[in-house]
Each structure stands twice: as structure tokens, then as C-alpha cells.
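Note: the block below is upload_30.pdb and it holds PDB, C-alpha atoms.
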ATOM      1  CA  MET U   1      50.338   5.417  16.741
ATOM      2  CA  LYS U   2      53.279   7.782  16.941
ATOM      3  CA  LYS U   3      53.351   7.621  20.746
ATOM      4  CA  LYS U   4      53.285   3.823  20.642
ATOM      5  CA  LYS U   5      56.279   3.825  18.288
ATOM      6  CA  GLN U   6      58.194   6.154  20.548
ATOM      7  CA  LEU U   7      57.562   3.915  23.551
ATOM      8  CA  ASN U   8      58.896   0.888  21.721
ATOM      9  CA  GLN U   9      61.981   2.599  20.310
ATOM     10  CA  ILE U  10      65.346   3.309  21.963
ATOM     11  CA  SER U  11      66.954   6.681  21.385
ATOM     12  CA  TRP U  12      70.316   6.780  19.637
ATOM     13  CA  THR U  13      72.075   7.897  22.842
ATOM     14  CA  TRP U  14      70.796   4.904  24.800
ATOM     15  CA  ASN U  15      71.571   2.695  21.828
ATOM     16  CA  LEU U  16      75.197   3.854  21.858
ATOM     17  CA  ALA U  17      75.352   3.422  25.637
ATOM     18  CA  PHE U  18      74.104  -0.169  25.392
ATOM     19  CA  ILE U  19      76.558  -0.917  22.580
ATOM     20  CA  PHE U  20      79.402   0.494  24.683
ATOM     21  CA  ILE U  21      78.403  -1.525  27.768
ATOM     22  CA  LEU U  22      77.946  -4.760  25.823
ATOM     23  CA  GLY U  23      81.255  -4.144  24.033
ATOM     24  CA  ILE U  24      83.033  -3.879  27.384
ATOM     25  CA  VAL U  25      81.338  -7.071  28.621
ATOM     26  CA  ALA U  26      82.357  -8.903  25.427
ATOM     27  CA  LEU U  27      85.917  -7.612  25.787
ATOM     28  CA  LEU U  28      86.089  -8.770  29.405
ATOM     29  CA  THR U  29      84.902 -12.185  28.246
ATOM     30  CA  VAL U  30      87.380 -12.538  25.376
ATOM     31  CA  LEU U  31      90.487 -11.110  27.073
ATOM     32  CA  PRO U  32      90.935 -13.936  29.654
ATOM     33  CA  LEU U  33      90.639 -16.510  26.866
ATOM     34  CA  LEU U  34      93.170 -14.603  24.781
ATOM     35  CA  LEU U  35      95.518 -14.414  27.776
ATOM     36  CA  ILE U  36      95.320 -18.199  28.249
ATOM     37  CA  VAL U  37      96.290 -18.736  24.603
ATOM     38  CA  ILE U  38      99.210 -16.278  24.854
ATOM     39  CA  ILE U  39     100.532 -17.844  28.070
ATOM     40  CA  SER U  40     100.354 -21.299  26.486
ATOM     41  CA  PHE U  41     102.784 -20.011  23.829
ATOM     42  CA  SER U  42     105.060 -18.253  26.357
ATOM     43  CA  SER U  43     108.308 -19.715  27.659
ATOM     44  CA  THR U  44     108.868 -20.607  31.311
ATOM     45  CA  ASN U  45     111.495 -17.841  31.632
ATOM     46  CA  SER U  46     109.064 -15.266  30.265
ATOM     47  CA  ILE U  47     106.375 -16.278  32.752
ATOM     48  CA  SER U  48     108.852 -16.130  35.654
ATOM     49  CA  GLN U  49     110.082 -12.672  34.560
ATOM     50  CA  VAL U  50     106.924 -10.781  33.574
ATOM     51  CA  GLY U  51     104.210 -13.134  34.877
ATOM     52  CA  TYR U  52     100.873 -13.330  33.079
ATOM     53  CA  ASN U  53     101.340 -10.811  30.306
ATOM     54  CA  PHE U  54      99.808 -10.170  26.892
ATOM     55  CA  PHE U  55     103.307  -9.358  25.598
ATOM     56  CA  PRO U  56     105.675 -12.152  26.681
ATOM     57  CA  VAL U  57     109.433 -11.692  26.584
ATOM     58  CA  GLU U  58     109.966 -14.997  24.795
ATOM     59  CA  TRP U  59     107.648 -17.223  22.779
ATOM     60  CA  SER U  60     107.850 -20.987  23.100
ATOM     61  CA  PHE U  61     106.014 -24.169  22.090
ATOM     62  CA  GLU U  62     107.328 -26.217  25.009
ATOM     63  CA  GLY U  63     103.894 -26.632  26.602
ATOM     64  CA  TYR U  64     102.406 -28.015  23.374
ATOM     65  CA  TYR U  65     105.576 -29.967  22.629
ATOM     66  CA  TYR U  66     105.365 -31.779  25.958
ATOM     67  CA  THR U  67     101.651 -32.421  25.404
ATOM     68  CA  PHE U  68     102.078 -33.783  21.869
ATOM     69  CA  LYS U  69     104.847 -36.089  23.069
ATOM     70  CA  MET U  70     101.961 -38.324  24.163
ATOM     71  CA  GLY U  71     101.571 -39.194  20.453
ATOM     72  CA  SER U  72      98.882 -41.771  19.753
ATOM     73  CA  GLN U  73      97.676 -41.602  23.363
ATOM     74  CA  LEU U  74      96.441 -38.057  22.758
ATOM     75  CA  VAL U  75      94.593 -39.200  19.617
ATOM     76  CA  TYR U  76      92.953 -42.101  21.481
ATOM     77  CA  SER U  77      91.884 -39.764  24.293
ATOM     78  CA  TYR U  78      90.374 -37.270  21.839
ATOM     79  CA  LEU U  79      88.433 -40.039  20.072
ATOM     80  CA  VAL U  80      87.162 -41.483  23.357
ATOM     81  CA  THR U  81      86.056 -38.070  24.605
ATOM     82  CA  ILE U  82      84.325 -37.184  21.324
ATOM     83  CA  ALA U  83      82.513 -40.541  21.205
ATOM     84  CA  HIS U  84      81.579 -40.303  24.866
ATOM     85  CA  SER U  85      80.302 -36.715  24.565
ATOM     86  CA  VAL U  86      78.368 -37.168  21.306
ATOM     87  CA  LEU U  87      76.821 -40.568  22.070
ATOM     88  CA  GLY U  88      76.169 -39.708  25.706
ATOM     89  CA  THR U  89      74.472 -36.447  24.789
ATOM     90  CA  ALA U  90      72.338 -38.024  22.033
ATOM     91  CA  LEU U  91      71.204 -41.025  24.087
ATOM     92  CA  GLY U  92      70.737 -38.937  27.192
ATOM     93  CA  LEU U  93      68.568 -36.413  25.365
ATOM     94  CA  LEU U  94      66.426 -39.184  23.892
ATOM     95  CA  ILE U  95      65.834 -40.901  27.235
ATOM     96  CA  MET U  96      65.365 -37.695  29.233
ATOM     97  CA  ALA U  97      62.982 -36.220  26.644
ATOM     98  CA  MET U  98      60.893 -39.406  26.668
ATOM     99  CA  TYR U  99      60.790 -39.371  30.464
ATOM    100  CA  ALA U 100      59.792 -35.691  30.442
ATOM    101  CA  TYR U 101      57.057 -36.359  27.884
ATOM    102  CA  VAL U 102      55.626 -39.166  30.021
ATOM    103  CA  ILE U 103      55.489 -37.271  33.312
ATOM    104  CA  CYS U 104      53.900 -34.180  31.753
ATOM    105  CA  GLN U 105      50.866 -36.160  30.526
ATOM    106  CA  LYS U 106      47.881 -35.258  32.718
ATOM    107  CA  ARG U 107      46.056 -38.520  31.978
ATOM    108  CA  PHE U 108      48.956 -40.727  33.084
ATOM    109  CA  TRP U 109      48.147 -41.832  36.637
ATOM    110  CA  LEU U 110      51.783 -42.508  37.579
ATOM    111  CA  GLY U 111      52.998 -39.096  36.433
ATOM    112  CA  ARG U 112      53.133 -37.488  39.881
ATOM    113  CA  ARG U 113      54.792 -40.504  41.482
ATOM    114  CA  LEU U 114      57.472 -40.661  38.782
ATOM    115  CA  THR U 115      58.065 -36.936  39.185
ATOM    116  CA  TRP U 116      58.463 -37.354  42.950
ATOM    117  CA  PHE U 117      60.809 -40.307  42.400
ATOM    118  CA  LEU U 118      62.876 -38.111  40.079
ATOM    119  CA  PHE U 119      62.935 -35.263  42.583
ATOM    120  CA  PHE U 120      63.888 -37.650  45.415
ATOM    121  CA  THR U 121      67.101 -38.623  43.600
ATOM    122  CA  MET U 122      68.098 -34.949  43.547
ATOM    123  CA  LEU U 123      67.846 -34.743  47.346
ATOM    124  CA  PHE U 124      69.401 -38.054  48.365
ATOM    125  CA  GLY U 125      72.203 -40.090  46.792
ATOM    126  CA  GLY U 126      74.095 -43.217  47.748
ATOM    127  CA  GLY U 127      77.500 -41.573  47.510
ATOM    128  CA  LEU U 128      80.778 -42.510  45.866
ATOM    129  CA  VAL U 129      81.477 -45.849  47.578
ATOM    130  CA  PRO U 130      78.072 -47.504  46.871
ATOM    131  CA  SER U 131      78.127 -46.301  43.248
ATOM    132  CA  TYR U 132      81.671 -47.649  42.815
ATOM    133  CA  ILE U 133      80.685 -51.057  44.235
ATOM    134  CA  LEU U 134      77.566 -51.143  42.058
ATOM    135  CA  ASN U 135      79.403 -50.234  38.847
ATOM    136  CA  VAL U 136      82.391 -52.519  39.443
ATOM    137  CA  ARG U 137      81.115 -55.557  41.308
ATOM    138  CA  TYR U 138      77.590 -55.927  39.918
ATOM    139  CA  TYR U 139      77.560 -54.144  36.551
ATOM    140  CA  HIS U 140      81.208 -55.017  35.681
ATOM    141  CA  LEU U 141      81.705 -51.660  33.954
ATOM    142  CA  ARG U 142      85.238 -50.980  35.171
ATOM    143  CA  ASP U 143      87.764 -50.372  32.410
ATOM    144  CA  THR U 144      85.098 -50.363  29.691
ATOM    145  CA  PHE U 145      83.725 -47.604  27.497
ATOM    146  CA  TRP U 146      80.262 -48.095  29.011
ATOM    147  CA  ILE U 147      81.361 -46.700  32.380
ATOM    148  CA  LEU U 148      81.766 -43.336  30.654
ATOM    149  CA  LEU U 149      78.390 -43.598  28.928
ATOM    150  CA  ILE U 150      75.802 -45.307  31.153
ATOM    151  CA  PRO U 151      76.081 -43.851  34.704
ATOM    152  CA  GLY U 152      75.742 -40.230  33.586
ATOM    153  CA  LEU U 153      73.076 -40.848  30.969
ATOM    154  CA  ILE U 154      70.195 -39.239  32.895
ATOM    155  CA  SER U 155      70.132 -36.081  34.967
ATOM    156  CA  ALA U 156      67.053 -35.517  37.124
ATOM    157  CA  TYR U 157      67.559 -31.758  36.950
ATOM    158  CA  TYR U 158      67.595 -31.785  33.138
ATOM    159  CA  VAL U 159      64.467 -33.976  32.998
ATOM    160  CA  ILE U 160      62.551 -31.474  35.118
ATOM    161  CA  ILE U 161      63.723 -28.625  32.870
ATOM    162  CA  LEU U 162      62.641 -30.554  29.759
ATOM    163  CA  ARG U 163      59.261 -31.251  31.369
ATOM    164  CA  THR U 164      58.861 -27.508  31.975
ATOM    165  CA  PHE U 165      59.816 -26.796  28.362
ATOM    166  CA  ILE U 166      57.149 -29.182  27.061
ATOM    167  CA  LYS U 167      54.446 -27.786  29.319
ATOM    168  CA  SER U 168      55.244 -24.155  28.453
ATOM    169  CA  SER U 169      55.703 -24.553  24.702
ATOM    170  CA  ILE U 170      53.239 -27.261  23.619
ATOM    171  CA  PRO U 171      49.537 -26.879  24.491
ATOM    172  CA  GLU U 172      47.612 -29.878  25.805
ATOM    173  CA  ALA U 173      44.985 -29.397  23.069
ATOM    174  CA  LEU U 174      47.619 -30.372  20.485
ATOM    175  CA  PHE U 175      48.061 -33.744  22.196
ATOM    176  CA  ASP U 176      44.306 -34.247  22.335
ATOM    177  CA  SER U 177      43.849 -33.485  18.633
ATOM    178  CA  ALA U 178      46.650 -35.892  17.739
ATOM    179  CA  ARG U 179      44.991 -38.654  19.790
ATOM    180  CA  ILE U 180      41.660 -37.990  18.081
ATOM    181  CA  ASP U 181      43.397 -38.477  14.711
ATOM    182  CA  GLY U 182      44.622 -41.870  15.903
ATOM    183  CA  ALA U 183      48.261 -41.022  16.698
ATOM    184  CA  GLY U 184      50.028 -43.091  19.336
ATOM    185  CA  HIS U 185      52.516 -41.860  21.906
ATOM    186  CA  PHE U 186      55.586 -42.585  19.781
ATOM    187  CA  THR U 187      54.035 -40.758  16.829
ATOM    188  CA  ILE U 188      53.130 -37.795  19.007
ATOM    189  CA  PHE U 189      56.591 -37.699  20.558
ATOM    190  CA  PHE U 190      58.679 -37.984  17.386
ATOM    191  CA  ARG U 191      56.447 -36.081  14.957
ATOM    192  CA  ILE U 192      54.921 -33.389  17.174
ATOM    193  CA  VAL U 193      56.911 -32.942  20.380
ATOM    194  CA  CYS U 194      60.451 -33.181  19.017
ATOM    195  CA  PRO U 195      60.006 -30.685  16.127
ATOM    196  CA  LEU U 196      58.371 -28.147  18.487
ATOM    197  CA  PHE U 197      60.916 -28.871  21.172
ATOM    198  CA  LYS U 198      64.191 -28.062  19.396
ATOM    199  CA  ALA U 199      65.009 -25.071  21.599
ATOM    200  CA  GLY U 200      64.740 -27.121  24.786
ATOM    201  CA  LEU U 201      66.699 -30.027  23.339
ATOM    202  CA  GLY U 202      69.403 -27.676  22.046
ATOM    203  CA  THR U 203      69.771 -25.939  25.414
ATOM    204  CA  ILE U 204      69.983 -29.126  27.466
ATOM    205  CA  GLY U 205      72.129 -30.727  24.757
ATOM    206  CA  LEU U 206      74.699 -27.949  25.084
ATOM    207  CA  PHE U 207      74.809 -28.236  28.877
ATOM    208  CA  SER U 208      75.050 -32.025  28.721
ATOM    209  CA  PHE U 209      77.752 -32.003  26.041
ATOM    210  CA  VAL U 210      79.940 -29.558  27.980
ATOM    211  CA  GLY U 211      79.491 -31.557  31.185
ATOM    212  CA  LYS U 212      80.497 -34.822  29.535
ATOM    213  CA  TRP U 213      83.418 -33.209  27.706
ATOM    214  CA  ASN U 214      84.820 -31.819  30.975
ATOM    215  CA  ASP U 215      84.337 -35.037  32.951
ATOM    216  CA  TRP U 216      87.739 -36.224  34.183
ATOM    217  CA  PHE U 217      86.872 -37.916  37.483
ATOM    218  CA  THR U 218      85.101 -40.945  35.971
ATOM    219  CA  GLY U 219      88.142 -41.847  33.888
ATOM    220  CA  MET U 220      90.466 -41.294  36.853
ATOM    221  CA  LEU U 221      88.370 -43.612  39.020
ATOM    222  CA  TYR U 222      87.441 -46.443  36.671
ATOM    223  CA  ILE U 223      89.768 -46.492  33.626
ATOM    224  CA  ASP U 224      93.169 -48.207  33.503
ATOM    225  CA  ASN U 225      93.303 -49.062  29.799
ATOM    226  CA  ASN U 226      95.330 -46.367  28.024
ATOM    227  CA  LYS U 227      93.129 -46.574  24.924
ATOM    228  CA  LEU U 228      90.036 -45.679  26.962
ATOM    229  CA  VAL U 229      91.403 -42.730  28.943
ATOM    230  CA  PRO U 230      89.350 -39.559  28.243
ATOM    231  CA  LEU U 231      91.089 -36.353  27.232
ATOM    232  CA  GLN U 232      90.430 -34.473  30.466
ATOM    233  CA  THR U 233      91.717 -37.399  32.538
ATOM    234  CA  LEU U 234      94.862 -37.623  30.400
ATOM    235  CA  LEU U 235      95.603 -33.907  30.762
ATOM    236  CA  THR U 236      94.953 -34.049  34.505
ATOM    237  CA  LYS U 237      97.310 -37.013  34.953
ATOM    238  CA  MET U 238      99.991 -35.341  32.877
ATOM    239  CA  GLN U 239      99.788 -32.132  34.898
ATOM    240  CA  ASN U 240      99.828 -34.079  38.178
ATOM    241  CA  ASN U 241     102.932 -35.995  37.065
ATOM    242  CA  VAL U 242     104.767 -32.764  36.246
ATOM    243  CA  ASP U 243     103.756 -31.215  39.579
ATOM    244  CA  TYR U 244     104.892 -34.349  41.438
ATOM    245  CA  LEU U 245     108.300 -34.353  39.749
ATOM    246  CA  LYS U 246     108.801 -30.674  40.478
ATOM    247  CA  SER U 247     107.926 -31.088  44.150
ATOM    248  CA  ASN U 248     109.885 -34.320  44.708
ATOM    249  CA  SER U 249     113.084 -33.450  46.592
ATOM    250  CA  SER U 250     114.755 -36.815  45.920
ATOM    251  CA  VAL U 251     114.614 -36.195  42.162
ATOM    252  CA  ALA U 252     115.818 -32.612  42.467
ATOM    253  CA  ALA U 253     118.840 -33.677  44.549
ATOM    254  CA  THR U 254     120.710 -35.105  41.539
ATOM    255  CA  PRO U 255     122.210 -33.097  38.651
ATOM    256  CA  GLU U 256     120.216 -35.150  36.139
ATOM    257  CA  GLY U 257     117.070 -34.488  38.126
ATOM    258  CA  LEU U 258     117.743 -30.755  38.204
ATOM    259  CA  ALA U 259     118.254 -30.696  34.438
ATOM    260  CA  MET U 260     115.046 -32.657  33.907
ATOM    261  CA  LEU U 261     113.052 -30.408  36.213
ATOM    262  CA  LYS U 262     114.291 -27.297  34.416
ATOM    263  CA  SER U 263     113.198 -28.767  31.079
ATOM    264  CA  LEU U 264     109.684 -29.532  32.312
ATOM    265  CA  PRO U 265     107.078 -26.882  31.465
ATOM    266  CA  GLY U 266     104.874 -25.482  34.200
ATOM    267  CA  THR U 267     102.200 -22.851  33.779
ATOM    268  CA  ASN U 268     102.463 -22.906  29.994
ATOM    269  CA  LEU U 269     101.710 -26.643  30.058
ATOM    270  CA  ARG U 270      98.622 -26.022  32.156
ATOM    271  CA  MET U 271      97.434 -23.345  29.738
ATOM    272  CA  ALA U 272      98.222 -25.532  26.712
ATOM    273  CA  CYS U 273      96.079 -28.294  28.239
ATOM    274  CA  THR U 274      93.298 -25.753  28.781
ATOM    275  CA  VAL U 275      93.453 -24.621  25.145
ATOM    276  CA  LEU U 276      93.382 -28.208  23.850
ATOM    277  CA  ALA U 277      90.370 -28.926  26.041
ATOM    278  CA  ILE U 278      88.251 -25.879  25.175
ATOM    279  CA  VAL U 279      88.903 -25.515  21.428
ATOM    280  CA  PRO U 280      86.379 -28.253  20.399
ATOM    281  CA  ILE U 281      83.753 -26.672  22.665
ATOM    282  CA  LEU U 282      84.307 -23.299  20.994
ATOM    283  CA  PHE U 283      83.666 -24.897  17.603
ATOM    284  CA  ALA U 284      80.586 -26.755  18.850
ATOM    285  CA  TYR U 285      78.960 -23.767  20.568
ATOM    286  CA  PRO U 286      77.854 -21.884  17.382
ATOM    287  CA  PHE U 287      75.761 -24.882  16.311
ATOM    288  CA  PHE U 288      73.838 -24.776  19.620
ATOM    289  CA  GLN U 289      73.715 -20.999  20.051
ATOM    290  CA  ARG U 290      70.446 -20.440  18.172
ATOM    291  CA  TYR U 291      68.587 -23.086  20.206
ATOM    292  CA  PHE U 292      70.312 -21.946  23.389
ATOM    293  CA  VAL U 293      68.983 -18.376  23.055
ATOM    294  CA  GLN U 294      65.494 -19.617  22.135
ATOM    295  CA  GLY U 295      65.526 -21.995  25.080
ATOM    296  CA  LEU U 296      66.433 -19.270  27.569
ATOM    297  CA  THR U 297      63.706 -16.910  26.344
ATOM    298  CA  MET U 298      60.986 -19.535  25.946
ATOM    299  CA  GLY U 299      58.224 -19.102  28.465
ATOM    300  CA  SER U 300      59.390 -15.632  29.539
ATOM    301  CA  ILE U 301      56.463 -13.909  27.768
ATOM    302  CA  LYS U 302      52.897 -14.747  28.720
ATOM    303  CA  GLU U 303      49.909 -13.905  26.596
TER     304      GLU U 303
END
Go through the file and emit its structure as C-alpha cells.
Amino acid sequence: MKKKKQLNQISWTWNLAFIFILGIVALLTVLPLLLIVIISFSSTNSISQVGYNFFPVEWSFEGYYYTFKMGSQLVYSYLVTIAHSVLGTALGLLIMAMYAYVICQKRFWLGRRLTWFLFFTMLFGGGLVPSYILNVRYYHLRDTFWILLIPGLISAYYVIILRTFIKSSIPEALFDSARIDGAGHFTIFFRIVCPLFKAGLGTIGLFSFVGKWNDWFTGMLYIDNNKLVPLQTLLTKMQNNVDYLKSNSSVAATPEGLAMLKSLPGTNLRMACTVLAIVPILFAYPFFQRYFVQGLTMGSIKE
């Protein structure tokens, strides 16, 4: 018994070594984020003098000031992005989990064909032009909130991962006993699968939420209405406008243009946009962390 305990225990020297290594890894993870925040509060002159530095020569709010000059547009973009991310993640998880539940049933004769159809979409896609024609000409989704929600609702890769989660965490005998008791598929799914499946749903939910939050291309391609522009698209457009003005020689040729270009923020604006984009994700991550860790370790130990 004593030997078994010794095999399962880590000596205090190795424990300190692991703490030191993990502390360095954590520090290397936090320091770049801290540097982004500091640069976002640095002035343009400070960045040009000392570059990216944890101790800027001069502090400034010009990056945030230029960003918040958008006023109500920034509020609309935040609301659109939050609604798109939350609703898209919730609906997507529901549909993908149902699909995964269906294709993992051994008695369902179309299970293999639906799995192959799902896998086929991962290998071959129509491309940007056919999807644009389909969404605009036939579905009439351009300049509507649904263009942000519907096209990215299902991910074949996530469905396959959810199917693997169900197969590795829920035994087939549990489904059989539920059927013997008279439970239907909806009862089995909502009352048995979902409660035992929180780790998988939390993991895929985190990935899906981050992907939808960072999506800027859909809004750039399909949205013209200012009240429907997502946050990432707004920040990208704003940064592109500043870069265009700074690189336009015809504007810089006039005294007024030179004064305007000097007043425009550069790197600090880019970092301010980054901070505004990642802060909500940092607040959302702790709620998913428990399920995320469980989801990564599920299925790693076999009896």
C-alpha cells in the first residue's frame, strides 16, 4: 500500500518544478495581453519613440476616443454581435446536437449515409461566389440579421466531435433501457443525453461562440445597414479608413490634410479595437471553463 502511494505521489521538488514551469507559461500568456492593453493607452509619440513598451513615455486615450466617436453605432454593433453570437451558438448547438444524436444511433439505417454526407461537405464546398448568389438571389438574406445567423448555424466538424462525445460518454445500454421504459427520441435526447452531455456542449459552445464573435467577413460582404453592422466589421472598417487616409498622398499634400493625419491614431487605435473585441470573451470564458476542461479530458481514460 505504501509503494502504491509513492507511485501516485509527486515529490516536493518535482511539484515546485512543475509550479515554476506552469507559472512561466501563464506569465508568457498574460504578458502579451497586458502589452496590448498598455499600448492601447499609449500616445502615438510614445509608440514612435520607444515602440512597444510596458512603460510608455506618454499615456493617452486617443485610440479609445476615436473609437467612441462612433457613438450609437458602436452600441448597435455590440448589440448585433451579442445577439448574433448568443442566438447563433444556442441554435447551432441544438441543431448540431440533434444531428449528432441521430447519426450515432446504431438502429437508424440512414446513419452512415448522413455521416458520409456530413463528411463530404468538409471535403468539397461551392465557394464564395455560389454561396453569395444563393444567399442574395434565392434566400434574399442580404442586409438582414438572418445572414449573420443562418449560414453559419451548422459546422460539420463540430457535429462529428459531438457524435464522438455521445458515443464515448453515453453507453448504448442506457438508450435501450430508456426505450424499454417507453421513452421516445425527444425524451431521450432532452432528459438523458443533454444532462450527460454538458461537457461536450460547453466545449463546442465555447468554440462556436468565439468563432461567431470574431466573424467580420460576413458583415463586410452582406451588410450595408449601419444598424446591422457587427462589431468586428465596424472595427475593421474603421481601421481600414484610417490606414487609407494615412496612405493617401492627395490628402497629405494639403496643410489641413497633414493636420488631420497627425491627429489620427495608428497602432494605439488598432490595440484599442483589439481590447474592445476581446474583453467580452474574457468575461464569457470562465462560465465555459469547467465544461471545456471536462470536454478535453473526456474519453482519454479507458476502463
Sorted by chain and rising residue number, list the residues of stretch 158-187 of chain U at most 12 Å from stretch 119-133 of chain U (counting only C-alpha atoms), each with its closest atom pair and distance in Å to one decimal, as a tab-separated table.
residue	atom	partner	partner_atom	distance
U:Tyr158	CA	U:Met122	CA	10.9
U:Val159	CA	U:Phe119	CA	9.8
U:Ile160	CA	U:Phe119	CA	8.4
U:Ile161	CA	U:Phe119	CA	11.8
Show me, as a list in words, the residues that have an atom within 10 Å of stretch 77-82 of chain U when counting all atoms listed in the file, minus same-chain residues fewer than 6 positions from it.
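After dropping sequence-adjacent residues, the list is Gly88, Phe145, Leu148, Phe209, Lys212, Trp213, Asn214, Asp215, Trp216, Asn226, Lys227, Leu228, Val229, Pro230, Leu231, Gln232, Thr233, Leu234, Leu235, Leu276, Ala277 and Pro280 of chain U.
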Practice task
Measuring atom to atom with only C-alpha atoms, identify which of U:Pro32, U:Gly51, U:Gly23, U:Gly184 is nearest to U:Thr267.
Solution key: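 The answer is U:Gly51, which sits nearest to U:Thr267.
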Distance criterion (only C-alpha atoms): nearest to U:Leu201 out of U:Val279, U:Leu110, U:Ala97, U:Val75 =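 Between U:Val279, U:Leu110, U:Ala97, U:Val75, the residue approaching U:Leu201 most closely is U:Ala97.
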- Query: Can you tell me how far atom CA of U:Tyr157 sits from atom CA of U:Ala178, in Å to one decimal?
  - Reply: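 One can read the atom CA of U:Tyr157 to atom CA of U:Ala178 distance as 28.7 Å.
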Exercise. Taking (112.3, -19.3, 30.6) in the file's coordinates, which residues come within 10 Å, counting only C-alpha atoms, written as number ranges by chain?
Worked result: U: 42-49, 57-60, 262-263, 265
Prev. selection, C-alpha atoms, output as a short mmCIF file (atom, residue, chain, number, x, y, z; two decimals), keeping the file's coordinate frame:
data_model
loop_
_atom_site.label_atom_id
_atom_site.label_comp_id
_atom_site.auth_asym_id
_atom_site.auth_seq_id
_atom_site.Cartn_x
_atom_site.Cartn_y
_atom_site.Cartn_z
CA SER U 42 105.06 -18.25 26.36
CA SER U 43 108.31 -19.72 27.66
CA THR U 44 108.87 -20.61 31.31
CA ASN U 45 111.50 -17.84 31.63
CA SER U 46 109.06 -15.27 30.26
CA ILE U 47 106.38 -16.28 32.75
CA SER U 48 108.85 -16.13 35.65
CA GLN U 49 110.08 -12.67 34.56
CA VAL U 57 109.43 -11.69 26.58
CA GLU U 58 109.97 -15.00 24.80
CA TRP U 59 107.65 -17.22 22.78
CA SER U 60 107.85 -20.99 23.10
CA LYS U 262 114.29 -27.30 34.42
CA SER U 263 113.20 -28.77 31.08
CA PRO U 265 107.08 -26.88 31.46
#
Review point. Residues at most 9 Å from U:Tyr101, counting all atoms listed in the file, excluding those fewer than 3 positions away in the same chain, as a PyMOL selection string?
Key: chain U and resi 96-98+104-105+162-163+166+189+193
- Message: Can you spell out as a list in words the set of residues that the PyMOL selection byres ((chain U and resi 65-69) around 9) selects in the structure I just provided?
- Response: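 Matching residues under the PyMOL selection byres ((chain U and resi 65-69) around 9) are Phe61, Glu62, Gly63, Tyr64, Met70, Gly71, Ser72, Leu74, Leu235, Met238, Leu264, Pro265, Leu269, Ala272 and Cys273 of chain U.
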Do you know which residues are at most 10 Å from U:Leu33 counting only C-alpha atoms, after dropping those on the same chain fewer than 6 positions away, and could you put them as JSON, numbers by chain? {"U": [274, 275, 278]}
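Rounded to one decimal, atom CA of U:Gly205 and atom CA of U:Phe287 lie 10.9 Å from each other.
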For U:Leu31, which residue out of U:Trp109, U:Thr13, U:Thr236, U:Phe54 is the nearest one, using all atoms listed in the file?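 For U:Leu31, the nearest of the candidates is U:Phe54.
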Computed interatomic separation between atom CA of U:Tyr52 and atom CA of U:Arg270 (Å) |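 Atom CA of U:Arg270 lies at a distance of 12.9 Å from atom CA of U:Tyr52.
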| task | Check the smallest atom-to-atom distance from each of U:Trp146, U:Phe175, U:Tyr76, U:Tyr285 to U:Thr218 using all atoms listed in the file, then report the winner. | result |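 Closest candidate: U:Trp146.
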Would you translate the PyMOL selection byres ((chain U and resi 197) around 9) into the concrete set of residues it matches in this file, as a PDB file with C-alpha atoms, keeping the file's coordinate frame?
ATOM      1  CA  LEU U 162      62.641 -30.554  29.759  1.00  0.00           C
ATOM      2  CA  PHE U 165      59.816 -26.796  28.362  1.00  0.00           C
ATOM      3  CA  ILE U 166      57.149 -29.182  27.061  1.00  0.00           C
ATOM      4  CA  SER U 169      55.703 -24.553  24.702  1.00  0.00           C
ATOM      5  CA  ILE U 170      53.239 -27.261  23.619  1.00  0.00           C
ATOM      6  CA  ILE U 192      54.921 -33.389  17.174  1.00  0.00           C
ATOM      7  CA  VAL U 193      56.911 -32.942  20.380  1.00  0.00           C
ATOM      8  CA  CYS U 194      60.451 -33.181  19.017  1.00  0.00           C
ATOM      9  CA  PRO U 195      60.006 -30.685  16.127  1.00  0.00           C
ATOM     10  CA  LEU U 196      58.371 -28.147  18.487  1.00  0.00           C
ATOM     11  CA  LYS U 198      64.191 -28.062  19.396  1.00  0.00           C
ATOM     12  CA  ALA U 199      65.009 -25.071  21.599  1.00  0.00           C
ATOM     13  CA  GLY U 200      64.740 -27.121  24.786  1.00  0.00           C
ATOM     14  CA  LEU U 201      66.699 -30.027  23.339  1.00  0.00           C
ATOM     15  CA  GLY U 202      69.403 -27.676  22.046  1.00  0.00           C
TER      16      GLY U 202
END
